[in-house]
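*Asks:* Just so it is clear, I am handing over start31.tsv, which has TSV, C-alpha atoms.
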```
chain	number	residue	atom	x	y	z
A	1	MET	CA	9.96	-56.93	-83.04
A	2	ARG	CA	10.36	-58.14	-86.58
A	3	ALA	CA	10.85	-61.81	-87.44
A	4	ALA	CA	14.21	-61.03	-89.08
A	5	ASP	CA	15.52	-59.47	-85.84
A	6	LEU	CA	14.37	-62.48	-83.82
A	7	ALA	CA	16.08	-64.86	-86.24
A	8	ALA	CA	19.32	-62.85	-86.06
A	9	ARG	CA	19.32	-62.92	-82.25
A	10	ARG	CA	18.56	-66.65	-82.23
A	11	ASP	CA	21.46	-67.35	-84.60
A	12	LEU	CA	23.82	-65.23	-82.48
A	13	LEU	CA	22.76	-67.14	-79.37
A	14	LEU	CA	23.43	-70.46	-81.14
A	15	VAL	CA	26.94	-69.27	-82.09
A	16	ALA	CA	27.63	-68.28	-78.47
A	17	LEU	CA	26.34	-71.62	-77.12
A	18	ALA	CA	28.39	-73.58	-79.67
A	19	THR	CA	31.52	-71.64	-78.68
A	20	LEU	CA	30.88	-72.26	-74.97
A	21	ALA	CA	30.21	-75.96	-75.55
A	22	THR	CA	33.45	-76.28	-77.55
A	23	TRP	CA	35.41	-74.67	-74.71
A	24	VAL	CA	33.85	-76.99	-72.11
A	25	VAL	CA	34.58	-80.10	-74.18
A	26	SER	CA	38.16	-78.91	-74.76
A	27	VAL	CA	38.70	-78.41	-71.04
A	28	VAL	CA	37.24	-81.77	-70.08
A	29	PHE	CA	39.10	-83.81	-72.69
A	30	GLU	CA	42.18	-81.57	-72.98
A	31	LEU	CA	41.74	-81.44	-76.73
A	32	HIS	CA	44.49	-78.86	-77.24
A	33	GLU	CA	47.17	-81.08	-75.67
A	34	ARG	CA	45.89	-84.17	-77.46
A	35	TYR	CA	45.81	-82.32	-80.80
A	36	PHE	CA	49.33	-81.02	-80.56
A	37	GLY	CA	50.55	-84.39	-79.37
A	38	TRP	CA	49.07	-85.88	-82.52
A	39	LEU	CA	50.60	-83.16	-84.69
A	40	ALA	CA	54.04	-83.78	-83.21
A	41	ARG	CA	54.11	-87.12	-84.96
A	42	TRP	CA	53.63	-85.34	-88.31
A	43	GLU	CA	56.17	-82.60	-87.78
A	44	ARG	CA	58.07	-83.48	-90.91
A	45	TRP	CA	54.93	-82.72	-92.94
A	46	GLN	CA	54.49	-79.33	-91.13
A	47	ALA	CA	51.04	-80.38	-89.96
A	48	ASP	CA	51.38	-78.07	-86.94
A	49	GLU	CA	50.98	-75.07	-89.29
A	50	ILE	CA	47.57	-76.22	-90.42
A	51	PRO	CA	45.62	-74.45	-87.59
A	52	LEU	CA	47.04	-71.06	-88.54
A	53	ALA	CA	46.28	-71.64	-92.23
A	54	LEU	CA	42.74	-72.72	-91.36
A	55	LEU	CA	42.34	-69.60	-89.20
A	56	VAL	CA	43.38	-67.38	-92.08
A	57	PHE	CA	41.09	-69.32	-94.43
A	58	SER	CA	38.07	-68.98	-92.12
A	59	SER	CA	38.81	-65.30	-91.62
A	60	GLY	CA	38.99	-64.89	-95.37
A	61	LEU	CA	35.65	-66.62	-95.78
A	62	ALA	CA	34.12	-64.35	-93.14
A	63	TRP	CA	35.53	-61.26	-94.93
A	64	TYR	CA	34.22	-62.57	-98.27
A	65	ALA	CA	30.76	-63.18	-96.80
A	66	PHE	CA	30.75	-59.69	-95.25
A	67	ARG	CA	31.63	-58.08	-98.60
A	68	ARG	CA	29.00	-60.04	-100.49
A	69	ARG	CA	26.39	-59.19	-97.85
A	70	ARG	CA	27.16	-55.49	-98.11
A	71	GLU	CA	26.97	-55.65	-101.91
A	72	ALA	CA	23.68	-57.50	-101.72
A	73	ARG	CA	22.27	-54.82	-99.41
A	74	ARG	CA	23.44	-52.07	-101.76
A	75	ALA	CA	21.97	-53.87	-104.77
A	76	LEU	CA	18.70	-54.37	-102.91
A	77	ALA	CA	18.58	-50.67	-101.99
A	78	GLU	CA	19.25	-49.68	-105.61
A	79	ARG	CA	16.56	-52.07	-106.79
A	80	GLU	CA	14.05	-50.60	-104.34
A	81	GLN	CA	14.98	-47.08	-105.42
A	82	ALA	CA	14.61	-48.03	-109.09
A	83	ARG	CA	11.25	-49.64	-108.34
A	84	ALA	CA	10.09	-46.50	-106.54
A	85	GLN	CA	11.18	-44.35	-109.47
A	86	ALA	CA	9.45	-46.69	-111.90
A	87	ASP	CA	6.25	-46.51	-109.84
A	88	THR	CA	6.45	-42.72	-109.82
A	89	LEU	CA	6.98	-42.58	-113.59
A	90	LEU	CA	4.18	-45.07	-114.15
A	91	ALA	CA	1.80	-43.01	-112.04
A	92	ARG	CA	2.82	-39.87	-113.91
A	93	ASN	CA	2.35	-41.55	-117.27
A	94	ARG	CA	-1.07	-42.79	-116.21
A	95	GLU	CA	-2.00	-39.30	-115.07
A	96	LEU	CA	-0.77	-37.81	-118.34
A	97	ALA	CA	-2.54	-40.44	-120.43
A	98	GLN	CA	-5.80	-39.93	-118.54
A	99	GLY	CA	-5.42	-36.19	-118.85
A	100	LEU	CA	-4.77	-36.39	-122.55
A	101	ILE	CA	-7.82	-38.60	-123.03
A	102	THR	CA	-9.93	-36.12	-121.07
A	103	LEU	CA	-8.50	-33.21	-123.02
A	104	GLN	CA	-9.10	-35.00	-126.31
A	105	GLU	CA	-12.70	-35.74	-125.41
A	106	SER	CA	-13.34	-32.16	-124.29
A	107	GLU	CA	-11.81	-30.88	-127.53
A	108	ARG	CA	-14.02	-33.20	-129.53
A	109	ALA	CA	-17.06	-32.00	-127.63
A	110	ALA	CA	-16.10	-28.37	-128.23
A	111	LEU	CA	-15.59	-29.00	-131.93
A	112	ALA	CA	-18.91	-30.81	-132.14
A	113	ARG	CA	-20.71	-27.89	-130.48
A	114	GLU	CA	-19.05	-25.37	-132.76
A	115	LEU	CA	-19.78	-27.43	-135.85
A	116	HIS	CA	-23.40	-27.76	-134.78
A	117	ASP	CA	-23.86	-24.13	-133.79
A	118	GLU	CA	-21.73	-22.29	-136.33
A	119	MET	CA	-21.77	-24.55	-139.37
A	120	GLY	CA	-25.39	-25.59	-138.93
A	121	GLN	CA	-26.63	-22.02	-138.61
A	122	ARG	CA	-24.52	-20.78	-141.51
A	123	CYS	CA	-25.63	-23.59	-143.77
A	124	THR	CA	-29.27	-23.01	-142.82
A	125	ALA	CA	-28.87	-19.30	-143.60
A	126	LEU	CA	-27.35	-20.12	-146.97
A	127	ARG	CA	-30.21	-22.46	-147.82
A	128	ILE	CA	-32.76	-19.79	-146.89
A	129	GLU	CA	-31.01	-17.15	-148.99
A	130	THR	CA	-30.66	-19.43	-152.01
A	131	ALA	CA	-34.35	-20.34	-151.75
A	132	LEU	CA	-35.19	-16.64	-151.63
A	133	LEU	CA	-32.96	-16.06	-154.67
A	134	ARG	CA	-34.94	-18.63	-156.64
A	135	GLN	CA	-38.21	-16.97	-155.69
A	136	CYS	CA	-37.06	-13.41	-156.38
A	137	ALA	CA	-34.93	-13.99	-159.45
A	138	ALA	CA	-37.86	-13.60	-161.85
A	139	ASP	CA	-39.66	-10.43	-160.72
A	140	ASP	CA	-37.75	-8.84	-157.79
A	141	ARG	CA	-34.24	-7.94	-158.88
A	142	ALA	CA	-33.53	-5.80	-155.80
A	143	GLY	CA	-34.61	-8.56	-153.42
A	144	ALA	CA	-32.50	-11.07	-155.30
A	145	LEU	CA	-29.42	-8.84	-155.03
A	146	ALA	CA	-29.98	-8.37	-151.29
A	147	ALA	CA	-30.37	-12.13	-150.79
A	148	ALA	CA	-27.20	-12.72	-152.80
A	149	ALA	CA	-25.33	-10.24	-150.60
A	150	ARG	CA	-26.55	-11.97	-147.45
A	151	ALA	CA	-25.62	-15.36	-148.88
A	152	ASP	CA	-22.14	-14.03	-149.69
A	153	ALA	CA	-21.73	-12.73	-146.13
A	154	SER	CA	-22.87	-16.07	-144.71
A	155	ALA	CA	-20.42	-17.91	-146.97
A	156	GLN	CA	-17.57	-15.68	-145.81
A	157	ALA	CA	-18.51	-16.22	-142.15
A	158	LEU	CA	-18.69	-19.97	-142.75
A	159	TYR	CA	-15.25	-19.91	-144.36
A	160	GLN	CA	-13.82	-17.96	-141.42
A	161	SER	CA	-15.31	-20.47	-138.96
A	162	VAL	CA	-13.74	-23.34	-140.88
A	163	ARG	CA	-10.35	-21.57	-140.83
A	164	GLU	CA	-10.56	-21.08	-137.07
A	165	LEU	CA	-11.43	-24.74	-136.51
A	166	LEU	CA	-8.59	-25.87	-138.75
A	167	GLN	CA	-6.22	-23.53	-136.93
A	168	ARG	CA	-7.04	-25.31	-133.68
A	169	LEU	CA	-6.26	-28.67	-135.25
A	170	ARG	CA	-3.09	-27.66	-137.08
A	171	PRO	CA	-1.21	-24.32	-137.06
A	172	ALA	CA	-1.39	-23.65	-140.78
A	173	GLN	CA	0.34	-20.31	-140.30
A	174	LEU	CA	3.59	-22.17	-139.74
A	175	ASP	CA	3.41	-23.57	-143.27
A	176	GLU	CA	2.28	-20.29	-144.80
A	177	LEU	CA	4.30	-17.71	-142.85
A	178	GLY	CA	7.10	-19.45	-140.95
A	179	LEU	CA	7.77	-19.56	-137.21
A	180	VAL	CA	8.51	-15.87	-136.60
A	181	ALA	CA	5.49	-14.56	-138.50
A	182	ALA	CA	3.25	-17.27	-137.04
A	183	LEU	CA	4.24	-16.35	-133.47
A	184	GLN	CA	3.73	-12.66	-134.24
A	185	ALA	CA	0.26	-13.40	-135.62
A	186	LEU	CA	-0.48	-15.57	-132.59
A	187	CYS	CA	0.40	-12.71	-130.22
A	188	GLU	CA	-1.65	-10.20	-132.18
A	189	GLY	CA	-4.63	-12.54	-132.24
A	190	TRP	CA	-4.55	-13.00	-128.47
A	191	GLU	CA	-4.22	-9.24	-128.00
A	192	LEU	CA	-7.36	-8.62	-130.05
A	193	ARG	CA	-9.40	-11.36	-128.37
A	194	SER	CA	-8.33	-10.95	-124.74
A	195	GLY	CA	-6.72	-7.53	-124.34
A	196	LEU	CA	-3.46	-9.09	-123.11
A	197	ALA	CA	-0.40	-7.03	-124.08
A	198	CYS	CA	1.88	-9.54	-125.83
A	199	ILE	CA	5.44	-8.35	-126.57
A	200	PHE	CA	7.19	-10.59	-129.08
A	201	LEU	CA	10.97	-10.52	-129.69
A	202	HIS	CA	13.24	-12.84	-131.65
A	203	GLU	CA	16.98	-13.21	-132.17
A	204	GLY	CA	18.98	-15.34	-134.58
A	205	LEU	CA	15.98	-16.24	-136.73
A	206	HIS	CA	16.09	-14.91	-140.27
A	207	GLU	CA	13.46	-16.34	-142.58
A	208	GLY	CA	14.96	-17.48	-145.87
A	209	LEU	CA	18.55	-16.96	-144.73
A	210	ASP	CA	19.14	-19.51	-141.99
A	211	GLU	CA	18.83	-23.24	-142.36
A	212	PRO	CA	15.12	-24.01	-141.91
A	213	LEU	CA	14.06	-25.44	-138.59
A	214	PRO	CA	12.65	-28.96	-138.42
A	215	GLU	CA	8.88	-29.05	-138.54
A	216	ALA	CA	8.69	-30.75	-135.15
A	217	VAL	CA	10.68	-27.92	-133.53
A	218	GLU	CA	8.46	-25.24	-135.04
A	219	VAL	CA	5.28	-27.04	-133.96
A	220	ALA	CA	6.61	-27.58	-130.42
A	221	VAL	CA	7.61	-23.92	-130.01
A	222	TYR	CA	4.27	-22.75	-131.40
A	223	ARG	CA	2.24	-25.05	-129.14
A	224	VAL	CA	4.21	-24.10	-126.01
A	225	ALA	CA	3.76	-20.40	-126.88
A	226	GLN	CA	0.02	-21.09	-127.20
A	227	GLU	CA	0.04	-22.74	-123.78
A	228	ALA	CA	1.92	-19.79	-122.24
A	229	LEU	CA	-0.66	-17.36	-123.66
A	230	THR	CA	-3.56	-19.55	-122.53
A	231	ASN	CA	-2.15	-19.82	-119.02
A	232	ALA	CA	-1.49	-16.06	-118.83
A	233	VAL	CA	-5.07	-15.17	-119.81
A	234	ARG	CA	-7.19	-17.93	-118.26
A	235	HIS	CA	-5.28	-18.81	-115.10
A	236	ALA	CA	-2.65	-16.19	-114.26
A	237	GLN	CA	-4.92	-13.20	-114.97
A	238	ALA	CA	-1.91	-11.39	-116.41
A	239	SER	CA	-1.96	-8.07	-118.24
A	240	THR	CA	1.36	-8.44	-120.08
A	241	LEU	CA	3.35	-11.35	-121.49
A	242	ARG	CA	6.82	-11.12	-123.00
A	243	LEU	CA	7.58	-13.79	-125.60
A	244	ARG	CA	11.15	-14.19	-126.83
A	245	VAL	CA	12.62	-16.76	-129.23
A	246	VAL	CA	16.39	-17.10	-129.62
A	247	ARG	CA	18.36	-19.39	-131.88
A	248	GLN	CA	21.96	-20.02	-130.81
A	249	GLY	CA	23.93	-22.58	-132.76
A	250	GLY	CA	22.25	-25.92	-132.52
A	251	ARG	CA	19.64	-24.95	-129.92
A	252	LEU	CA	16.44	-22.96	-129.92
A	253	ARG	CA	15.14	-21.25	-126.78
A	254	LEU	CA	11.67	-19.91	-126.07
A	255	GLU	CA	11.11	-17.64	-123.07
A	256	ALA	CA	7.66	-16.55	-121.89
A	257	HIS	CA	7.27	-14.32	-118.84
A	258	ASP	CA	3.92	-12.95	-117.62
A	259	ASP	CA	3.06	-10.59	-114.78
A	260	GLY	CA	0.21	-12.69	-113.44
A	261	ARG	CA	-0.49	-14.10	-110.02
A	262	GLY	CA	2.06	-16.90	-110.36
A	263	MET	CA	1.80	-20.45	-109.09
A	264	ASP	CA	3.22	-22.76	-106.44
A	265	LEU	CA	5.65	-25.07	-108.23
A	266	ALA	CA	5.74	-27.39	-105.20
A	267	ALA	CA	2.05	-28.17	-105.58
A	268	PRO	CA	1.46	-31.87	-106.36
A	269	ARG	CA	-0.68	-31.15	-109.44
A	270	ARG	CA	-0.24	-28.79	-112.35
A	271	GLY	CA	-2.22	-28.04	-115.45
A	272	LEU	CA	-2.31	-30.67	-118.16
A	273	GLY	CA	-1.08	-28.13	-120.67
A	274	LEU	CA	2.19	-27.53	-118.84
A	275	LEU	CA	2.58	-31.26	-118.18
A	276	GLY	CA	2.04	-32.02	-121.87
A	277	ALA	CA	4.52	-29.30	-122.86
A	278	SER	CA	7.13	-30.79	-120.52
A	279	GLU	CA	6.61	-34.27	-121.98
A	280	ARG	CA	6.80	-32.89	-125.53
A	281	ALA	CA	10.14	-31.18	-124.77
A	282	ALA	CA	11.60	-34.30	-123.12
A	283	ALA	CA	10.57	-36.49	-126.07
A	284	MET	CA	12.55	-34.20	-128.41
A	285	GLY	CA	15.72	-34.16	-126.30
A	286	GLY	CA	15.03	-30.76	-124.75
A	287	GLN	CA	13.68	-29.50	-121.47
A	288	LEU	CA	11.03	-27.19	-120.09
A	289	ARG	CA	11.74	-25.22	-116.92
A	290	LEU	CA	9.34	-23.13	-114.86
A	291	ASP	CA	10.18	-20.34	-112.44
A	292	SER	CA	7.32	-18.94	-110.43
A	293	ALA	CA	5.93	-18.15	-107.02
A	294	PRO	CA	2.56	-16.83	-105.87
A	295	GLY	CA	2.33	-13.13	-106.69
A	296	ARG	CA	5.30	-12.78	-109.05
A	297	GLY	CA	4.18	-14.26	-112.35
A	298	LEU	CA	5.39	-17.27	-114.29
A	299	ARG	CA	8.58	-17.58	-116.33
A	300	LEU	CA	8.62	-20.46	-118.80
A	301	LEU	CA	11.84	-21.51	-120.53
A	302	LEU	CA	11.82	-24.07	-123.33
A	303	GLU	CA	15.10	-25.31	-124.83
A	304	LEU	CA	15.17	-27.65	-127.82
A	305	PRO	CA	17.95	-29.00	-130.04
A	306	VAL	CA	17.52	-27.95	-133.65
A	307	ALA	CA	18.19	-31.54	-134.77
A	308	VAL	CA	15.56	-33.50	-132.84
A	309	ARG	CA	15.78	-37.20	-132.08
A	310	GLN	CA	12.32	-38.00	-133.37
A	311	PRO	CA	9.45	-36.08	-134.92
A	312	VAL	CA	6.44	-35.05	-132.93
A	313	THR	CA	3.11	-35.98	-134.46
A	314	GLU	CA	0.21	-33.65	-133.84
A	315	ALA	CA	-2.65	-35.40	-132.04
A	316	GLN	CA	-5.81	-35.32	-134.07
A	317	PRO	CA	-9.07	-35.06	-132.17
```
Here is a file; write its structure as structure tokens.
*Replies:*
Amino acid sequence: MRAADLAARRDLLLVALATLATWVVSVVFELHERYFGWLARWERWQADEIPLALLVFSSGLAWYAFRRRREARRALAEREQARAQADTLLARNRELAQGLITLQESERAALARELHDEMGQRCTALRIETALLRQCAADDRAGALAAAARADASAQALYQSVRELLQRLRPAQLDELGLVAALQALCEGWELRSGLACIFLHEGLHEGLDEPLPEAVEVAVYRVAQEALTNAVRHAQASTLRLRVVRQGGRLRLEAHDDGRGMDLAAPRRGLGLLGASERAAAMGGQLRLDSAPGRGLRLLLELPVAVRQPVTEAQP
């Protein structure tokens, strides 16, 4: 038994003993008769009404104490609930922060490998070809032309590698083409690389006619579309993904639905990409909802206000 329960029983026993002792003393000394005999001398001051007033006063104090006790219990319960919610949010933030750090480090490692493998090899090839050009320029015109052609091809490949790396850091297509064209190019790129059939539709977005969307909104929609495509190819093993962007008044909605194997939304852990997308949407005053079950694909719905509360800064590896 808890110490609080023992203390409550002990206090109740003391109240009962005090009541019994008062009754015994009253019987022995006839306190009631003596008291009213004393009050009779002060009848003109209505002193005989004092017991009833004191009874009402004590009852009022008991009612007041009961109300305050109930309020204190309710406040304590609310405080415990708020503390539990704060602990849950803190744990989630720690998980997200750790995940973002891990993701950042893995991205840095991937970029370092690609810079070493792609850029290093291309630069070495260029140096070899330019050295050959210097040797052949005097007496071997055909060899010099062939070396120049190879150097040009290496330079073009190097430029393409740089563009791909920059695309991973910042979606430059948004600045060059706009949201609709950038999403269309994104779908086509994934189709070519992975074989996934990506169907892209849009409503209410007319480049050059509507009021331009905030940069943060465009970046958020583009990144969430990237995450939907990544999840469909790498995790869901889907063959088709339907991507739809709709602008209605002051809100923008992105829908992505794949025919993959789905996922259990009740599972305690999800991918860091989906968690990061949810946090990104919440930070901008929007929301990200998922509808899925094992065997019936994943439906992702992102809703954002066109006028965001704060800009979203792209994390730089």
*Asks:* Give the answer as one residue: which of A:Gly297, A:Leu179, A:Ala53, A:Val217 has the shortest atom-to-atom distance to Gly250 in chain A, using all atoms listed in the file?
*Replies:*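 Once distances to Gly250 in chain A are computed over all atoms listed in the file, the minimum belongs to A:Val217.
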*Asks:* Using only C-alpha atoms, which protein or nucleic acid residues come within 8 Å of Leu229 in chain A? Drop anything in the same chain fewer than 3 positions from it, and give the result as a VMD selection string.
*Replies:* chain A and resid 190 225 to 226 232 to 233 241
*Asks:* Go ahead and save the picked residues with C-alpha atoms, as a compact mmCIF listing (two decimals), in the frame of the given file.
*Replies:*
```txt
# COMPACT_ATOMS: atom_id res chain seq x y z
CA TRP A 190 -4.55 -13.00 -128.47
CA ALA A 225 3.76 -20.40 -126.88
CA GLN A 226 0.02 -21.09 -127.20
CA ALA A 232 -1.49 -16.06 -118.83
CA VAL A 233 -5.07 -15.17 -119.81
CA LEU A 241 3.35 -11.35 -121.49
```
*Asks:* Quick one, how far is CA of Leu243 in chain A from CA of His257 in chain A?
*Replies:*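 Result for CA of Leu243 in chain A versus CA of His257 in chain A: 6.8 Å, one decimal.
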*Asks:* In Å to one decimal, how far is CA of Ala185 in chain A from CA of Gln156 in chain A?
*Replies:*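 Between these atoms lies a distance of 20.7 Å.
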*Asks:* Do you know which residues are at most 10 Å from Gly262 in chain A counting all atoms listed in the file, after dropping those on the same chain fewer than 4 positions away, and could you put them as number ranges by chain?
*Replies:* A: 232, 235-238, 258, 291-299
*Asks:* Show which residues sit within 12 Å of Ala181 in chain A, as a short mmCIF file (atom, residue, chain, number, x, y, z; two decimals) with C-alpha atoms, keeping the file's coordinate frame. Count only C-alpha atoms, and ignore same-chain residues fewer than 2 positions away.
*Replies:*
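So out_5.cif came out as:
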```
data_model
loop_
_atom_site.label_atom_id
_atom_site.label_comp_id
_atom_site.auth_asym_id
_atom_site.auth_seq_id
_atom_site.Cartn_x
_atom_site.Cartn_y
_atom_site.Cartn_z
CA PRO A 171 -1.21 -24.32 -137.06
CA ALA A 172 -1.39 -23.65 -140.78
CA GLN A 173 0.34 -20.31 -140.30
CA LEU A 174 3.59 -22.17 -139.74
CA ASP A 175 3.41 -23.57 -143.27
CA GLU A 176 2.28 -20.29 -144.80
CA LEU A 177 4.30 -17.71 -142.85
CA GLY A 178 7.10 -19.45 -140.95
CA LEU A 179 7.77 -19.56 -137.21
CA LEU A 183 4.24 -16.35 -133.47
CA GLN A 184 3.73 -12.66 -134.24
CA ALA A 185 0.26 -13.40 -135.62
CA LEU A 186 -0.48 -15.57 -132.59
CA CYS A 187 0.40 -12.71 -130.22
CA GLU A 188 -1.65 -10.20 -132.18
CA PHE A 200 7.19 -10.59 -129.08
CA LEU A 201 10.97 -10.52 -129.69
CA HIS A 202 13.24 -12.84 -131.65
CA LEU A 205 15.98 -16.24 -136.73
CA HIS A 206 16.09 -14.91 -140.27
CA GLU A 207 13.46 -16.34 -142.58
CA GLU A 218 8.46 -25.24 -135.04
CA TYR A 222 4.27 -22.75 -131.40
CA VAL A 245 12.62 -16.76 -129.23
#
```
*Asks:* Could you check the closest approach to Ser278 in chain A for each of A:Val25, A:Leu17, A:Val224, A:Leu54 and tell me which residue wins, using all atoms listed in the file?
*Replies:* A:Val224
*Asks:* Pick from A:Cys123, A:Ala16, A:Leu288, A:Ala146: nearest to Leu275 in chain A, with all atoms listed in the file counted?
*Replies:*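 Counting all atoms listed in the file, the residue closest to Leu275 in chain A is A:Leu288.
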*Asks:* For Pro305 in chain A, which of A:Ala277, A:Ala282, A:Leu252, A:Ala72 is the closest residue, counting all atoms listed in the file?
*Replies:* A:Leu252
*Asks:* Counting only C-alpha atoms, what is within 10 Å of Ser194 in chain A, bar same-chain residues fewer than 3 positions away, as a ChimeraX atom specification?
*Replies:* /A:189-191,197,233-234,239
*Asks:* Can you measure CA of Ala256 in chain A to CA of Ala182 in chain A for me? One decimal in Å is fine.
*Replies:*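 If I compute the distance from CA of Ala256 in chain A to CA of Ala182 in chain A, I get 15.8 Å.
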*Asks:* My list of candidates is A:Arg251, A:Arg280, A:Arg73, A:Arg244. Which is closest to Leu301 in chain A when distances are computed with only C-alpha atoms?
*Replies:*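 Closest to Leu301 in chain A of all the choices is A:Arg244.
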